[in-house]
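Chemist: Before I ask anything, here is the structure I am working with.
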Amino acid sequence: MKLTLWTYEGPTHVGAMRVATAMQGLHYVLHAPQGDTYADLLFTMIERRNARPPVSYTTFQARDLGSDTAHLFKTACKEAYDRFRPEAILVGSSCTAELIQDDTGGLAEALELPVPVIPLELPSYQRKENFGADETFLQICRKLAKPMARTEAVSCNLLGATALGFRHRDDVSEITALLGEIGVAVNVCAPLGAAPHDIARMGAAHFNVLLYPETGESAARWAEKTLGQPYTKVVPIGAGATRDFIAEVAALAGLTPRVDESRLRQPWWSASVDSTYLTGKRVFLFGDATHVMAAARIARDEIGFEVVGMGCYNREFARPMRALAKSYGLEALITDDYLEVEEAIQALAPELILGTQMERHMAKRLGIPCAVISAPVHVQDFPARYSPQMGFEGANVIFDTWVHPLVMGLEEHLLTMFREDFEFHDAAGASHHGGKAVAAAPQASAPAAEGSMPEADGPPAPLDTQAPDPASIVWLSDAEAELKKIPFFVRGKARRNTERYAADKGLSRISIDTLYEAKAHYAR
C-alpha cells in the first residue's frame with residue numbers, strides 16, 4: 001500500500017460496499033473511524049443512486065481507542081438491525097480499524113441476531129477493491145446458497161454486476177434480453193438487484209453467466225464445485241464476442257439459438273466509406289483486465305485500429321493480460337501507478353486512448369482524444385440513458401463512444417485549415433465548446449473571446465525534462481505558419497520534436513526547412 005494522488009482501486013471494504021449497495025435487504029456494519037465514512041459520497045453523488053447505501057459505521061474517534069471499541073461495534077450492529085431489519089448482515093472492518101484487531105464476526109455472533117451474520121475478513125493492506133467485492137460475494141453465496149432441484153425450463157444466474165460498476169445496470173438488461181431470445185430465463189441476477197432470499201435459490205439454475213470476472217469469478221468457481229453449475233467464459237463485449245457468447249450459452253443450454261441481429265449496426269459502420277478515416281489509428285488501452293481484453297479485440301478486429309499498447313491495474317489478471325498482449329506482439333503494462341501509465345502513453349504517442357477517468361485526465365494534458373472503457377469512472381459515465389457495453393446494442397454504443405473523439409479531432413483539423421475565415425479563426429473557439437465567433441481584425445490577431453480556446457498551439461504539452469528551453473529557441477514566421485497546418489491533436493508533439501531536433505543540432509532558430517528536417521528525422 002502506498003500514498004498516491006490518484007488510485008485505480010479503493011481499499012477492500014469499498015468492494016464490500018459495492019456488493020452490499022447493489023443488493024436489497026442486506027446491511028453492512030463497518031467498524032471504521034471517523035473519516036472512513038464515505039459511502040454516501042461514492043454511491044449517491046457519483047453513481048447518483050436514489051437511495052442511501054445500506055452501510056452503518058461505528059465511527060470511532062482517537063479518544064475512543066483507549067476504551068472499549070468492541071462495545072462500540074456491538075452497539076452499532078444492534079442498532080443497525082433494530083432500525084433496518086435486514087434479511088442478513090455483513091460485518092467487517094475498514095483498513096484503519098483492521099489495525100485494532102477487534103473480532104467483528106465474533107462480536108456480531110455474540111449478539112444472537114435472528115438473521116444470518118456474514119463476517120468479512122478482507123486483507124486491506126495486501127489486496128484492493130475488486131478483490132473485496134469478489135470475496136464479499138463469495139462469502140454471501142457460501143452462507144446462503146444451497147443445492148436444490150433445477151428449474152423446469154432452462155435457466156441461469158447472472159453473476160458479478162455490482163453497484164459503482166461501469167454500465168453494469170444496462171449490461172444486465174441487455175444480456176437478460178439476449179438470453180431471452182436464445183430461450184434461457186434468468187433465475188437470479190446477483191449481487192445487483194438480489195436479496196438474501198434470492199441468493200438462497202441460486203442453486204435452481206442450470207448454469208451461471210459470469211459477466212465480470214473481477215467481481216464474480218470466485219463465486220462462479222464455488223458454484224461450479226458446490227452446486228454443480230458450469231459457468232460461461234466468454235464476456236459478451238463487442239459483436240464478435242457476443243456471437244461467441246451466444247454459441248457458448250446455446251451449448252450449455254442444449255438449444256439452437258435464433259437471435260435477431262438487425263439492431264447491430266457497428267459492423268456496417270466500421271466497414272463504411274466514412275470509417276476508412278479510422279483504419280490504422282494507433283490506440284492505447286488501459287483499465288480493468290476484462291474490459292481491456294475485450295476492447296483489444298474490438299479495436300483490432302472490428303474497427304481496424306492498430307493496438308500499440310495495453311495493460312491493466314488489477315494484478316490478479318496479470319497472467320491472461322500478458323498472454324493476450326503477447327499475441328498482439330506487445331508487452332502488457334501491469335501497474336496501479338498512473339504515472340507509469342502516463343509515461344507509457346507519452347512514449348507510444350497514440351492517436352486514441354481507451355482507458356479510465358485517469359487516462360481521460362492524462363489525455364487532456366497530452367492533447368490526445370480519449371474514450372472511457374473501464375472503471376474507475378466519474379459521474380458522466382453513469383448516464384441516465386440506456387448505454388450498455390455488452391451485447392449487440394453495447395457494440396453500437398462502443399463504436400459511437402470510441403469514434404466520436406476522433407471525428408471531433410478531424411473536425412477541429414478542418415476548422416484549423418480555414419482558420420482565417422471570419423467564422424472559424426482561432427478566437428472563435430472550438431466548435432464544440434460554445435465559443436463565440438469574433439471577426440478577425442486585418443493583419444492582427446483577434447482578441448480572445450471569453451470562454452474561447454487558447455491561441456493556435458492546441459492543448460499545453462506536459463513538462464518534458466529533456467526538451468530544450470523554449471526561451472532559447474526562436475520560431476521564424478514561415479515555420480510557425482507551417483506548424484499551424486498540422487492537426488491540433490499532434491501539433492504539440494511536432495513542436496516538441498522540432499525543438500529537440502534543433503537543440504541537438506545546435507540551432508537557435510527554427511525555419512521551415514528545420515521543421516521538415518525534424519519531421520524526416522523522426523519518421524525514420
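Chains: A, B, ... in order of the C-alpha cells. Residues: from 1 per chain. Ligands: from 1, in order shown.
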If you take only C-alpha atoms and a cut-off of 8 Å, which residues of range 255-307 of chain A touch range 338-356 of chain A, and what are their nearest atom pairs and distances in Å to one decimal, in chain and number order, as a Markdown table?

Modeler:
```
| residue | atom | partner | partner_atom | distance |
| --- | --- | --- | --- | --- |
| A:Lys281 | CA | A:Glu351 | CA | 6.2 |
| A:Arg282 | CA | A:Pro350 | CA | 5.0 |
| A:Val283 | CA | A:Leu352 | CA | 4.8 |
| A:Phe284 | CA | A:Ile353 | CA | 5.0 |
| A:Leu285 | CA | A:Leu354 | CA | 4.8 |
| A:Phe286 | CA | A:Gly355 | CA | 4.7 |
| A:Gly287 | CA | A:Gly355 | CA | 5.3 |
```

Chemist: Tell me, which residues of range 194-407 of chain A carry DSSP helix (DSSP H, G or I), written as a ChimeraX atom specification?

Modeler: /A:196-200,202-204,213-226,239-253,266-271,273-278,289-303,315-327,338-348,357-366,379-381,391-407

Chemist: Considering only C-alpha atoms, give me a table of residues in range 169-274 of chain A that are at most 7 Å from range 383-406 of chain A, with the closest atom pair and distance in Å for each, as a tab-separated table.

Modeler:
```
residue	atom	partner	partner_atom	distance
A:Asp170	CA	A:Pro388	CA	4.7
A:Asp171	CA	A:Pro388	CA	4.9
A:Glu174	CA	A:Gly391	CA	6.2
A:Ile175	CA	A:Gly391	CA	6.3
A:Pro236	CA	A:Met390	CA	5.4
A:Ile237	CA	A:Met390	CA	4.5
A:Gly238	CA	A:Ala395	CA	4.8
A:Ala239	CA	A:Ala395	CA	5.7
A:Thr242	CA	A:Gly391	CA	5.5
A:Leu264	CA	A:Phe392	CA	5.3
A:Arg265	CA	A:Asn396	CA	6.0
A:Gln266	CA	A:Asn396	CA	5.0
```

Chemist: Okay, now the selection with N, CA, C and O atoms, as a PDB file, in the first residue's frame?

Modeler:
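The file below, again-v4.pdb, is the result:
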```pdb
ATOM      1  N   ASP A 170     -27.080  -1.422 -17.221  1.00  0.00           N
ATOM      2  CA  ASP A 170     -27.543  -1.584 -18.600  1.00  0.00           C
ATOM      3  C   ASP A 170     -27.051  -2.892 -19.209  1.00  0.00           C
ATOM      4  O   ASP A 170     -27.737  -3.482 -20.049  1.00  0.00           O
ATOM      5  N   ASP A 171     -25.865  -3.340 -18.811  1.00  0.00           N
ATOM      6  CA  ASP A 171     -25.378  -4.637 -19.292  1.00  0.00           C
ATOM      7  C   ASP A 171     -26.312  -5.759 -18.863  1.00  0.00           C
ATOM      8  O   ASP A 171     -26.602  -6.682 -19.634  1.00  0.00           O
ATOM      9  N   GLU A 174     -29.379  -5.721 -21.062  1.00  0.00           N
ATOM     10  CA  GLU A 174     -29.077  -6.183 -22.427  1.00  0.00           C
ATOM     11  C   GLU A 174     -28.896  -7.691 -22.479  1.00  0.00           C
ATOM     12  O   GLU A 174     -29.438  -8.371 -23.357  1.00  0.00           O
ATOM     13  N   ILE A 175     -28.151  -8.244 -21.539  1.00  0.00           N
ATOM     14  CA  ILE A 175     -27.883  -9.682 -21.560  1.00  0.00           C
ATOM     15  C   ILE A 175     -29.124 -10.480 -21.165  1.00  0.00           C
ATOM     16  O   ILE A 175     -29.359 -11.570 -21.690  1.00  0.00           O
ATOM     17  N   PRO A 236     -19.414 -11.024 -23.194  1.00  0.00           N
ATOM     18  CA  PRO A 236     -20.020 -10.556 -24.455  1.00  0.00           C
ATOM     19  C   PRO A 236     -19.898  -9.056 -24.707  1.00  0.00           C
ATOM     20  O   PRO A 236     -20.886  -8.332 -24.802  1.00  0.00           O
ATOM     21  N   ILE A 237     -18.669  -8.577 -24.817  1.00  0.00           N
ATOM     22  CA  ILE A 237     -18.417  -7.171 -25.147  1.00  0.00           C
ATOM     23  C   ILE A 237     -17.849  -7.116 -26.559  1.00  0.00           C
ATOM     24  O   ILE A 237     -16.755  -7.625 -26.816  1.00  0.00           O
ATOM     25  N   GLY A 238     -18.597  -6.518 -27.486  1.00  0.00           N
ATOM     26  CA  GLY A 238     -18.206  -6.483 -28.887  1.00  0.00           C
ATOM     27  C   GLY A 238     -19.052  -7.444 -29.702  1.00  0.00           C
ATOM     28  O   GLY A 238     -19.609  -8.420 -29.183  1.00  0.00           O
ATOM     29  N   ALA A 239     -19.156  -7.194 -30.999  1.00  0.00           N
ATOM     30  CA  ALA A 239     -20.006  -8.017 -31.864  1.00  0.00           C
ATOM     31  C   ALA A 239     -19.504  -9.454 -31.929  1.00  0.00           C
ATOM     32  O   ALA A 239     -20.283 -10.408 -31.795  1.00  0.00           O
ATOM     33  N   THR A 242     -19.962 -11.253 -28.601  1.00  0.00           N
ATOM     34  CA  THR A 242     -21.374 -11.544 -28.352  1.00  0.00           C
ATOM     35  C   THR A 242     -21.818 -12.780 -29.117  1.00  0.00           C
ATOM     36  O   THR A 242     -22.543 -13.630 -28.583  1.00  0.00           O
ATOM     37  N   LEU A 264     -27.935  -4.581 -34.781  1.00  0.00           N
ATOM     38  CA  LEU A 264     -26.480  -4.437 -34.713  1.00  0.00           C
ATOM     39  C   LEU A 264     -25.987  -3.613 -35.897  1.00  0.00           C
ATOM     40  O   LEU A 264     -26.007  -4.064 -37.037  1.00  0.00           O
ATOM     41  N   ARG A 265     -25.544  -2.407 -35.645  1.00  0.00           N
ATOM     42  CA  ARG A 265     -25.084  -1.500 -36.708  1.00  0.00           C
ATOM     43  C   ARG A 265     -23.567  -1.362 -36.763  1.00  0.00           C
ATOM     44  O   ARG A 265     -23.020  -0.907 -37.747  1.00  0.00           O
ATOM     45  N   GLN A 266     -22.893  -1.725 -35.677  1.00  0.00           N
ATOM     46  CA  GLN A 266     -21.452  -1.479 -35.583  1.00  0.00           C
ATOM     47  C   GLN A 266     -20.633  -2.074 -36.734  1.00  0.00           C
ATOM     48  O   GLN A 266     -19.783  -1.379 -37.298  1.00  0.00           O
TER      49      GLN A 266
END
```

Chemist: So how far away is CA of Thr232 in chain A from CA of Ala219 in chain A, in Å?

Modeler: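 Separation between CA of Ala219 in chain A and CA of Thr232 in chain A: 12.7 Å.
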
Chemist: Within 12 Å of Asp40 in chain A, counting only C-alpha atoms, which residues show up once you throw out same-chain ones fewer than 6 positions away? Write them as number ranges by chain, please.

Modeler: A: 14, 17-18, 21, 46-57, 164

Chemist: Write the residues of the selection above to a file with all heavy atoms, as a short mmCIF file (atom, residue, chain, number, x, y, z; two decimals), in the first residue's frame.

Modeler:
```cif
data_model
loop_
_atom_site.label_atom_id
_atom_site.label_comp_id
_atom_site.auth_asym_id
_atom_site.auth_seq_id
_atom_site.Cartn_x
_atom_site.Cartn_y
_atom_site.Cartn_z
N VAL A 14 -14.34 -0.99 0.31
CA VAL A 14 -15.14 -0.32 -0.72
C VAL A 14 -15.76 -1.37 -1.65
O VAL A 14 -16.90 -1.23 -2.10
CB VAL A 14 -14.30 0.71 -1.49
CG1 VAL A 14 -15.06 1.23 -2.71
CG2 VAL A 14 -13.92 1.87 -0.59
N MET A 17 -18.69 -2.65 0.08
CA MET A 17 -19.78 -1.68 -0.05
C MET A 17 -20.48 -1.81 -1.40
O MET A 17 -21.71 -1.69 -1.48
CB MET A 17 -19.23 -0.25 0.06
CG MET A 17 -18.86 0.21 1.44
SD MET A 17 -18.33 1.94 1.28
CE MET A 17 -17.54 2.18 2.86
N ARG A 18 -19.73 -2.04 -2.45
CA ARG A 18 -20.32 -2.16 -3.79
C ARG A 18 -21.29 -3.34 -3.85
O ARG A 18 -22.33 -3.27 -4.51
CB ARG A 18 -19.22 -2.32 -4.83
CG ARG A 18 -18.41 -1.07 -5.08
CD ARG A 18 -17.28 -1.31 -6.05
NE ARG A 18 -17.76 -1.88 -7.31
CZ ARG A 18 -16.96 -2.29 -8.29
NH1 ARG A 18 -15.65 -2.21 -8.15
NH2 ARG A 18 -17.47 -2.79 -9.39
N THR A 21 -24.40 -2.46 -1.42
CA THR A 21 -25.25 -1.42 -2.00
C THR A 21 -26.00 -1.93 -3.22
O THR A 21 -27.09 -1.45 -3.54
CB THR A 21 -24.40 -0.19 -2.36
OG1 THR A 21 -23.71 0.26 -1.18
CG2 THR A 21 -25.25 0.95 -2.89
N ILE A 46 -21.66 10.03 -7.04
CA ILE A 46 -21.00 9.58 -8.27
C ILE A 46 -21.94 8.71 -9.10
O ILE A 46 -22.15 8.95 -10.28
CB ILE A 46 -19.70 8.82 -7.93
CG1 ILE A 46 -18.70 9.78 -7.28
CG2 ILE A 46 -19.11 8.18 -9.19
CD1 ILE A 46 -17.39 9.14 -6.89
N GLU A 47 -22.53 7.70 -8.48
CA GLU A 47 -23.45 6.83 -9.23
C GLU A 47 -24.86 7.41 -9.29
O GLU A 47 -25.70 6.94 -10.05
CB GLU A 47 -23.48 5.43 -8.62
CG GLU A 47 -24.15 4.40 -9.51
CD GLU A 47 -24.03 3.00 -9.00
OE1 GLU A 47 -23.60 2.80 -7.85
OE2 GLU A 47 -24.38 2.07 -9.76
N ARG A 48 -25.14 8.41 -8.48
CA ARG A 48 -26.44 9.10 -8.47
C ARG A 48 -27.57 8.13 -8.14
O ARG A 48 -28.61 8.12 -8.79
CB ARG A 48 -26.69 9.80 -9.80
CG ARG A 48 -25.71 10.92 -10.08
CD ARG A 48 -26.07 11.71 -11.29
NE ARG A 48 -25.88 10.96 -12.53
CZ ARG A 48 -25.81 11.51 -13.73
NH1 ARG A 48 -25.92 12.81 -13.85
NH2 ARG A 48 -25.64 10.79 -14.80
N ARG A 49 -27.36 7.30 -7.12
CA ARG A 49 -28.43 6.40 -6.68
C ARG A 49 -29.51 7.19 -5.95
O ARG A 49 -29.24 8.21 -5.32
CB ARG A 49 -27.86 5.32 -5.76
CG ARG A 49 -27.07 4.29 -6.53
CD ARG A 49 -26.66 3.10 -5.69
NE ARG A 49 -26.33 1.99 -6.59
CZ ARG A 49 -27.04 0.90 -6.72
NH1 ARG A 49 -28.12 0.73 -5.99
NH2 ARG A 49 -26.69 -0.04 -7.57
N ASN A 50 -30.74 6.66 -6.02
CA ASN A 50 -31.86 7.37 -5.40
C ASN A 50 -32.14 6.90 -3.98
O ASN A 50 -33.19 7.19 -3.42
CB ASN A 50 -33.12 7.21 -6.25
CG ASN A 50 -33.53 5.75 -6.42
OD1 ASN A 50 -32.82 4.85 -5.94
ND2 ASN A 50 -34.63 5.51 -7.09
N ALA A 51 -31.20 6.16 -3.40
CA ALA A 51 -31.33 5.72 -2.01
C ALA A 51 -29.94 5.70 -1.37
O ALA A 51 -28.94 5.48 -2.05
CB ALA A 51 -31.96 4.33 -1.94
N ARG A 52 -29.90 5.91 -0.09
CA ARG A 52 -28.62 5.88 0.60
C ARG A 52 -28.09 4.47 0.66
O ARG A 52 -28.86 3.50 0.76
CB ARG A 52 -28.77 6.45 2.01
CG ARG A 52 -29.13 7.93 2.04
CD ARG A 52 -29.09 8.47 3.45
NE ARG A 52 -27.74 8.43 4.01
CZ ARG A 52 -27.44 8.79 5.25
NH1 ARG A 52 -28.39 9.20 6.06
NH2 ARG A 52 -26.20 8.72 5.69
N PRO A 53 -26.79 4.28 0.62
CA PRO A 53 -26.22 2.93 0.69
C PRO A 53 -26.49 2.28 2.04
O PRO A 53 -26.49 2.97 3.08
CB PRO A 53 -24.72 3.17 0.48
CG PRO A 53 -24.50 4.60 0.83
CD PRO A 53 -25.75 5.31 0.47
N PRO A 54 -26.73 0.97 2.08
CA PRO A 54 -27.06 0.29 3.33
C PRO A 54 -25.81 -0.03 4.16
O PRO A 54 -25.45 -1.18 4.37
CB PRO A 54 -27.75 -0.99 2.85
CG PRO A 54 -27.08 -1.28 1.54
CD PRO A 54 -26.77 0.05 0.93
N VAL A 55 -25.15 1.02 4.62
CA VAL A 55 -23.91 0.87 5.38
C VAL A 55 -24.01 1.67 6.67
O VAL A 55 -24.37 2.85 6.65
CB VAL A 55 -22.68 1.35 4.57
CG1 VAL A 55 -21.41 1.12 5.35
CG2 VAL A 55 -22.62 0.65 3.21
N SER A 56 -23.70 1.02 7.80
CA SER A 56 -23.63 1.71 9.10
C SER A 56 -22.20 1.62 9.62
O SER A 56 -21.50 0.64 9.37
CB SER A 56 -24.58 1.06 10.11
OG SER A 56 -25.92 1.24 9.74
N TYR A 57 -21.78 2.65 10.36
CA TYR A 57 -20.40 2.73 10.85
C TYR A 57 -20.38 2.85 12.37
O TYR A 57 -21.31 3.38 12.98
CB TYR A 57 -19.71 3.97 10.28
CG TYR A 57 -19.69 4.08 8.78
CD1 TYR A 57 -20.72 4.73 8.11
CD2 TYR A 57 -18.64 3.57 8.04
CE1 TYR A 57 -20.71 4.85 6.73
CE2 TYR A 57 -18.62 3.69 6.67
CZ TYR A 57 -19.65 4.33 6.01
OH TYR A 57 -19.62 4.45 4.65
N LEU A 164 -21.66 0.80 -8.50
CA LEU A 164 -20.45 1.53 -8.88
C LEU A 164 -19.67 0.83 -9.98
O LEU A 164 -18.49 1.09 -10.18
CB LEU A 164 -19.55 1.78 -7.65
CG LEU A 164 -18.77 3.09 -7.63
CD1 LEU A 164 -19.72 4.28 -7.56
CD2 LEU A 164 -17.82 3.13 -6.44
#
```
